[in-house]
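Asks: Contents of upload_27.txt (compact mmCIF, C-alpha atoms) are given next:
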```txt
# COMPACT_ATOMS: atom_id res chain seq x y z
CA MET A 57 136.06 95.44 94.16
CA ALA A 58 134.45 95.13 90.73
CA GLU A 59 135.24 91.42 90.60
CA ARG A 60 133.59 90.86 93.98
CA ALA A 61 130.49 92.73 92.78
CA VAL A 62 130.32 90.56 89.66
CA HIS A 63 130.77 87.46 91.81
CA ARG A 64 127.89 88.50 94.09
CA SER A 65 125.70 89.20 91.08
CA HIS A 66 126.40 85.78 89.57
CA ARG A 67 125.80 84.15 92.93
CA ARG A 68 122.38 85.79 93.23
CA GLU A 69 121.49 84.73 89.70
CA LEU A 70 122.40 81.12 90.49
CA TYR A 71 120.31 81.16 93.67
CA ALA A 72 117.39 82.66 91.75
CA ALA A 73 117.61 80.00 89.03
CA ALA A 74 117.81 77.25 91.63
CA SER A 75 114.79 78.70 93.44
CA GLN A 76 112.74 78.57 90.26
CA LEU A 77 113.72 74.97 89.55
CA VAL A 78 112.95 73.85 93.10
CA HIS A 79 109.63 75.71 93.01
CA LEU A 80 108.75 73.90 89.79
CA ALA A 81 109.49 70.58 91.50
CA GLY A 82 107.10 71.62 94.28
CA TRP A 83 104.39 72.48 91.78
CA MET A 84 104.85 69.12 90.04
CA ALA A 85 104.49 67.30 93.39
CA GLN A 86 101.38 69.34 94.16
CA ASP A 87 99.90 68.60 90.75
CA GLU A 88 100.62 64.88 91.06
CA GLY A 89 97.99 64.27 93.73
CA ASP A 90 96.52 65.18 97.09
CA THR A 91 98.11 62.66 99.44
CA PRO A 92 99.98 63.37 102.70
CA HIS A 93 103.23 62.26 101.08
CA LEU A 94 102.86 64.51 98.05
CA ARG A 95 101.67 67.47 100.15
CA GLY A 96 104.71 67.07 102.38
CA LEU A 97 106.98 66.79 99.36
CA ALA A 98 105.51 69.97 97.84
CA GLN A 99 105.83 71.84 101.13
CA GLY A 100 109.47 70.85 101.42
CA TYR A 101 110.24 72.04 97.91
CA TYR A 102 108.41 75.35 98.41
CA ALA A 103 110.20 75.98 101.71
CA HIS A 104 113.56 75.31 100.07
CA ALA A 105 112.60 77.54 97.12
CA PHE A 106 111.88 80.34 99.60
CA ARG A 107 115.29 79.96 101.26
CA LEU A 108 117.03 80.07 97.88
CA ALA A 109 115.00 83.13 96.84
CA ALA A 110 116.00 84.87 100.07
CA GLU A 111 119.67 84.19 99.27
CA ALA A 112 119.07 85.63 95.80
CA GLY A 113 117.42 88.71 97.29
CA ASP A 114 114.48 88.25 94.91
CA PRO A 115 111.17 89.38 96.49
CA GLU A 116 109.03 88.00 93.67
CA LEU A 117 110.47 84.50 93.94
CA SER A 118 110.18 84.73 97.73
CA ALA A 119 106.51 85.75 97.52
CA THR A 120 105.77 83.02 94.98
CA ALA A 121 107.28 80.33 97.20
CA LEU A 122 105.25 81.62 100.16
CA ARG A 123 102.13 81.46 98.00
CA GLY A 124 102.83 77.80 97.32
CA LEU A 125 103.18 77.14 101.04
CA ALA A 126 99.97 79.05 101.80
CA VAL A 127 98.00 77.01 99.26
CA GLN A 128 99.35 73.82 100.78
CA CYS A 129 98.04 74.96 104.17
CA VAL A 130 94.60 75.98 102.87
CA GLU A 131 93.69 72.65 101.33
CA PRO A 132 94.17 70.45 104.45
CA GLY A 133 92.54 73.12 106.65
CA PHE A 134 95.50 74.80 108.42
CA ARG A 135 93.72 78.13 108.25
CA ALA A 136 95.77 80.23 110.69
CA GLU A 137 99.02 79.12 109.07
CA ALA A 138 97.60 79.89 105.61
CA VAL A 139 96.66 83.43 106.67
CA GLN A 140 100.10 84.00 108.21
CA LEU A 141 101.85 82.81 105.05
CA GLY A 142 99.46 84.86 102.91
CA GLU A 143 100.37 87.98 104.87
CA ALA A 144 104.07 87.29 104.39
CA CYS A 145 103.43 86.66 100.69
CA VAL A 146 101.75 90.08 100.35
CA GLU A 147 104.58 91.75 102.29
CA TYR A 148 107.22 90.42 99.91
CA GLY A 149 104.92 91.15 96.97
CA GLY A 150 104.84 94.82 97.97
CA HIS A 151 108.33 95.13 96.46
CA VAL A 152 107.17 93.83 93.05
CA ARG A 153 106.04 96.18 90.29
CA ASP A 154 104.22 93.76 87.99
CA GLY A 155 100.45 94.05 88.49
CA ARG A 156 99.86 90.38 87.72
CA ALA A 157 102.25 89.32 90.46
CA VAL A 158 100.71 91.68 93.02
CA ALA A 159 97.22 90.43 92.09
CA TYR A 160 98.49 86.86 92.48
CA TYR A 161 99.74 87.50 96.01
CA GLU A 162 96.79 89.61 97.18
CA ALA A 163 94.41 86.87 96.01
CA THR A 164 96.45 84.37 98.04
CA LEU A 165 95.75 86.25 101.25
CA ALA A 166 92.10 86.87 100.27
CA ASN A 167 91.61 83.14 99.74
CA ALA A 168 93.26 82.21 103.03
CA ALA A 169 91.18 84.79 104.91
CA ALA A 170 87.97 83.54 103.26
CA GLN A 171 88.81 79.99 104.33
CA ASP A 172 89.32 81.39 107.84
CA ASP A 173 85.84 83.04 107.68
CA ASP A 174 87.42 86.50 107.90
CA ARG A 175 85.15 88.35 105.48
CA ARG A 176 86.63 91.78 106.15
CA THR A 177 90.22 90.77 105.34
CA ALA A 178 89.17 88.64 102.41
CA THR A 179 87.10 91.44 100.87
CA ARG A 180 89.84 94.03 101.36
CA HIS A 181 92.56 91.98 99.71
CA LEU A 182 90.23 90.80 96.98
CA GLY A 183 89.70 94.46 96.11
CA LEU A 184 93.45 95.09 96.12
CA SER A 185 93.92 92.09 93.84
CA GLU A 186 91.32 93.43 91.41
CA THR A 187 93.03 96.82 91.32
CA ALA A 188 96.41 95.22 90.67
CA ILE A 189 95.27 92.93 87.84
CA GLY A 190 94.10 95.99 85.91
CA LYS A 191 97.51 97.64 85.99
CA PRO A 192 100.04 97.40 83.14
CA THR A 193 102.26 94.32 83.11
CA ALA A 194 105.97 94.43 83.75
CA THR A 195 108.37 95.61 81.09
CA GLY A 196 112.03 94.81 80.57
CA GLY A 197 111.71 91.15 81.57
CA GLU A 198 109.15 88.40 82.00
CA SER A 199 107.48 88.18 85.39
CA TRP A 200 107.34 84.87 87.26
CA ALA A 201 103.57 85.51 87.50
CA ALA A 202 103.19 85.99 83.74
CA HIS A 203 100.78 83.03 83.60
CA TYR A 204 98.34 84.87 85.89
CA SER A 205 96.14 86.28 83.16
CA PRO A 206 92.91 88.23 83.82
CA GLY A 207 91.00 85.03 83.02
CA ARG A 208 92.87 83.02 85.62
CA TRP A 209 92.51 85.89 88.06
CA ALA A 210 88.72 85.96 87.54
CA HIS A 211 88.48 82.27 88.48
CA GLU A 212 90.14 82.75 91.85
CA PRO A 213 87.92 85.63 93.08
CA GLY A 214 84.95 83.63 91.82
CA MET A 215 85.77 80.84 94.25
CA ILE A 216 86.61 83.25 97.07
CA LEU A 217 83.24 84.98 96.63
CA SER A 218 81.55 81.59 96.57
CA ARG A 219 83.18 80.77 99.89
CA LEU A 220 81.93 84.09 101.28
CA GLY A 221 78.39 83.27 100.12
CA ASP A 222 78.14 85.93 97.42
CA LEU A 223 76.98 83.50 94.76
CA ASP A 224 75.80 86.03 92.18
CA ALA A 225 79.18 87.77 92.19
CA ALA A 226 80.91 84.38 92.13
CA GLU A 227 78.96 83.35 89.03
CA GLU A 228 79.78 86.67 87.36
CA HIS A 229 83.51 86.19 87.91
CA LEU A 230 83.45 82.62 86.64
CA HIS A 231 81.67 83.81 83.51
CA LEU A 232 84.38 86.44 83.13
CA ALA A 233 86.98 83.72 83.24
CA LEU A 234 85.20 81.62 80.62
CA GLU A 235 83.65 84.08 78.21
CA ILE A 236 85.29 87.49 78.40
CA HIS A 237 88.90 86.97 79.38
CA GLY A 238 89.06 83.33 78.40
CA VAL A 239 91.29 80.64 79.86
CA ASP A 240 94.21 79.49 77.78
CA ARG A 241 94.44 75.85 78.81
CA ARG A 242 91.83 73.12 78.44
CA ARG A 243 92.43 71.76 81.94
CA THR A 244 91.91 75.22 83.44
CA ARG A 245 88.69 75.68 81.50
CA ALA A 246 87.44 72.29 82.70
CA ILE A 247 88.03 73.20 86.36
CA VAL A 248 86.28 76.56 85.95
CA LEU A 249 83.27 74.82 84.41
CA ALA A 250 83.15 72.34 87.29
CA ASP A 251 83.24 75.18 89.80
CA LEU A 252 80.57 77.15 87.95
CA GLY A 253 78.28 74.12 88.00
CA GLY A 254 78.70 73.92 91.77
CA VAL A 255 77.85 77.61 92.19
CA ARG A 256 74.73 77.25 90.05
CA LEU A 257 73.62 74.27 92.09
CA ARG A 258 73.99 76.28 95.30
CA GLN A 259 71.84 78.97 93.70
CA GLY A 260 69.10 76.40 93.18
CA ASP A 261 69.52 76.39 89.40
CA VAL A 262 69.59 72.63 88.79
CA ASP A 263 69.13 72.91 85.02
CA GLY A 264 71.93 75.48 84.81
CA ALA A 265 74.19 73.24 86.89
CA LEU A 266 73.50 70.24 84.65
CA ASP A 267 74.14 72.32 81.51
CA THR A 268 77.47 73.51 82.91
CA TRP A 269 78.54 70.09 84.14
CA SER A 270 77.72 68.63 80.73
CA ASP A 271 80.16 71.15 79.21
CA PHE A 272 82.65 70.26 81.93
CA VAL A 273 82.50 66.53 81.27
CA GLU A 274 82.96 67.10 77.54
CA CYS A 275 85.93 69.39 78.19
CA ALA A 276 87.47 67.01 80.75
CA ASP A 277 87.46 63.97 78.45
CA GLY A 278 91.05 62.81 78.01
CA ILE A 279 92.57 65.14 80.63
CA GLN A 280 94.52 63.38 83.38
CA PRO A 281 95.73 66.00 85.92
CA VAL A 282 94.63 65.26 89.47
CA LYS A 283 92.53 68.41 89.89
CA VAL A 284 90.39 67.55 86.88
CA GLN A 285 89.96 63.97 88.07
CA ALA A 286 89.00 65.22 91.55
CA ALA A 287 86.44 67.56 89.98
CA LEU A 288 84.96 64.63 88.04
CA ARG A 289 84.58 62.58 91.22
CA ASP A 290 83.05 65.56 93.05
CA THR A 291 80.55 66.09 90.21
CA ARG A 292 79.57 62.41 90.23
CA VAL A 293 78.85 62.55 93.96
CA ARG A 294 76.73 65.69 93.60
CA LEU A 295 74.76 64.14 90.74
CA CYS A 296 73.71 61.29 93.05
CA ARG A 297 71.21 63.73 94.58
CA PHE A 298 69.17 63.64 91.37
CA GLN A 299 68.45 59.94 90.92
CA GLY A 300 65.02 60.71 89.47
CA LEU A 301 66.41 62.82 86.62
CA PRO A 302 67.43 60.73 83.58
CA ARG A 303 69.60 63.59 82.37
CA ALA A 304 71.55 63.64 85.63
CA GLN A 305 71.97 59.87 85.55
CA ASP A 306 73.26 60.02 81.97
CA LEU A 307 75.72 62.76 82.93
CA ARG A 308 76.91 60.75 85.92
CA GLU A 309 77.56 57.74 83.70
CA ARG A 310 79.53 59.92 81.26
CA ALA A 311 81.63 61.28 84.11
CA SER A 312 82.22 57.75 85.43
CA ARG A 313 83.50 56.55 82.06
CA ILE A 314 85.97 59.43 81.88
CA ASP A 315 87.09 59.09 85.50
CA GLY A 316 87.31 55.34 85.34
```
Just dump the structure as structure tokens.

Replies:
Amino acid sequence: MAERAVHRSHRRELYAAASQLVHLAGWMAQDEGDTPHLRGLAQGYYAHAFRLAAEAGDPELSATALRGLAVQCVEPGFRAEAVQLGEACVEYGGHVRDGRAVAYYEATLANAAAQDDDRRTATRHLGLSETAIGKPTATGGESWAAHYSPGRWAHEPGMILSRLGDLDAAEEHLHLALEIHGVDRRRTRAIVLADLGGVRLRQGDVDGALDTWSDFVECADGIQPVKVQAALRDTRVRLCRFQGLPRAQDLRERASRIDG
């Protein structure tokens, strides 16, 4: 009896380890680029990671794999599927004690709901995410969501609030990510700066947008990940609106040199 119990325990540990490795492969495919092939590859890895996590009986790994699938549905516009996966992600996440992980999953559903123009659901789960990120982190072992710091959390609600049209609150959260909590990776900081510039432009603050995008271009210099390169191209397109501003033209040329 004891030997069978040990065997089952080892089996679950192997499935859990395999789930993490497969999930990492999915993330690497997702980070490589935004093409149909790479999106399909990432989706396949995340789906397999979920099946392995289910065999391991690990709710956190299951929720994390579902989050990956939900994000893959949001970006190409499969809104109903993203909401459904976000709901499943939150359901599995309800069995996890680490506040960072719960915040991670609640923000997933909030983002999917915002993309689906469901303000009520998005606002509710955004509030639950904020409550969770303020709770103590897990003890006795490192959470899979350990990377989800308060700074990274603040970025995600900032973009959700921007989608909902609450630009002042969006700007506040993006400032939280940059100045108060901080972001621990240069590529993450670059993306937050790009997003903040976009929010300021939507607020009608052209000078503020140009200031922020100047910081973004400086931060992005030498960074290759696809999300940073996409943000550079997006910024260049938006700067085309200001052909009469020498400062905007100079910034566009700087962004072109980096992106080129």

Asks: Which residues of region 238-295 of chain A have any atom within 7 Å of an atom in region 196-220 of chain A when counting all atoms listed in the file, and what is the closest pair of atoms for each, with the distance in Å to one decimal? Order the rows by chain and rising number and write it as CSV.

Replies:
```
residue,atom,partner,partner_atom,distance
A:Gly238,CA,A:Gly207,CA,5.3
A:Val239,CA,A:Gly207,CA,5.4
A:Val248,CA,A:His211,CA,6.6
A:Val255,CA,A:Ser218,CA,7.0
```

Asks: As a ChimeraX atom specification, please: the residues near Asp263 (chain A) (cut-off 12 Å, all atoms listed in the file, same-chain neighbours under 3 positions excluded).

Replies: /A:253-254,256-260,266-270,295,298,301,303-304

Asks: Neighbours of Ala110 (chain A) within 12 Å (all atoms listed in the file; same-chain residues fewer than 5 positions away dropped), as a list in words?

Replies: Arg68, Glu69, Tyr71, Ala72, Ala74, Ser75, Ala103, His104, Ala105, Pro115, Glu116, Leu117, Ser118, Ala119, Thr120, Ala121, Leu122 and Tyr148 of chain A

Asks: List the spatial neighbours of Phe134 (chain A) as a VMD selection string - criterion: any atom at most 10 Å away, only C-alpha atoms, same-chain residues fewer than 5 positions off excluded.

Replies: chain A and resid 126 to 129 139 168 171 to 172

Asks: Restricted to C-alpha atoms, what would the selected residues look like written as a PDB file, keeping the file's coordinate frame?

Replies:
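What ended up in selection_29.pdb:
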```pdb
ATOM      1  CA  ALA A 126      99.970  79.050 101.800  1.00  0.00           C
ATOM      2  CA  VAL A 127      98.000  77.010  99.260  1.00  0.00           C
ATOM      3  CA  GLN A 128      99.350  73.820 100.780  1.00  0.00           C
ATOM      4  CA  CYS A 129      98.040  74.960 104.170  1.00  0.00           C
ATOM      5  CA  VAL A 139      96.660  83.430 106.670  1.00  0.00           C
ATOM      6  CA  ALA A 168      93.260  82.210 103.030  1.00  0.00           C
ATOM      7  CA  GLN A 171      88.810  79.990 104.330  1.00  0.00           C
ATOM      8  CA  ASP A 172      89.320  81.390 107.840  1.00  0.00           C
TER       9      ASP A 172
END
```

Asks: Please write out, as JSON, where the centre of an axis-aligned box around all listed atoms of region 205-219 of chain A lies and how long its edges are, in Å to one decimal, after adding 8 Å on each side.

Replies:
```
{"center_x": 88.8, "center_y": 84.5, "center_z": 91.5, "size_x": 30.6, "size_y": 23.5, "size_z": 32.9}
```

Asks: Within 10 Å of (101.9, 89.0, 104.5), in the coordinates the file gives, what residues turn up when you count all atoms listed in the file, written out as a PyMOL selection string?

Replies: chain A and resi 119+122-123+139-150+161-162+164-165

Asks: Fewer than 5 positions away in the same chain doesn't count, so skip those; otherwise give me all residues within 9 Å of Leu249 (chain A), counting only C-alpha atoms, as a list in words.

Replies: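 The filter keeps Leu230, Leu234, Thr244, Gly254, Thr268, Trp269, Asp271, Phe272, Val273 and Cys275 of chain A.
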
Asks: When you draw a straight line from CA of Gly124 (chain A) to CA of Leu77 (chain A), how long is it in Å?

Replies: 13.7 Å
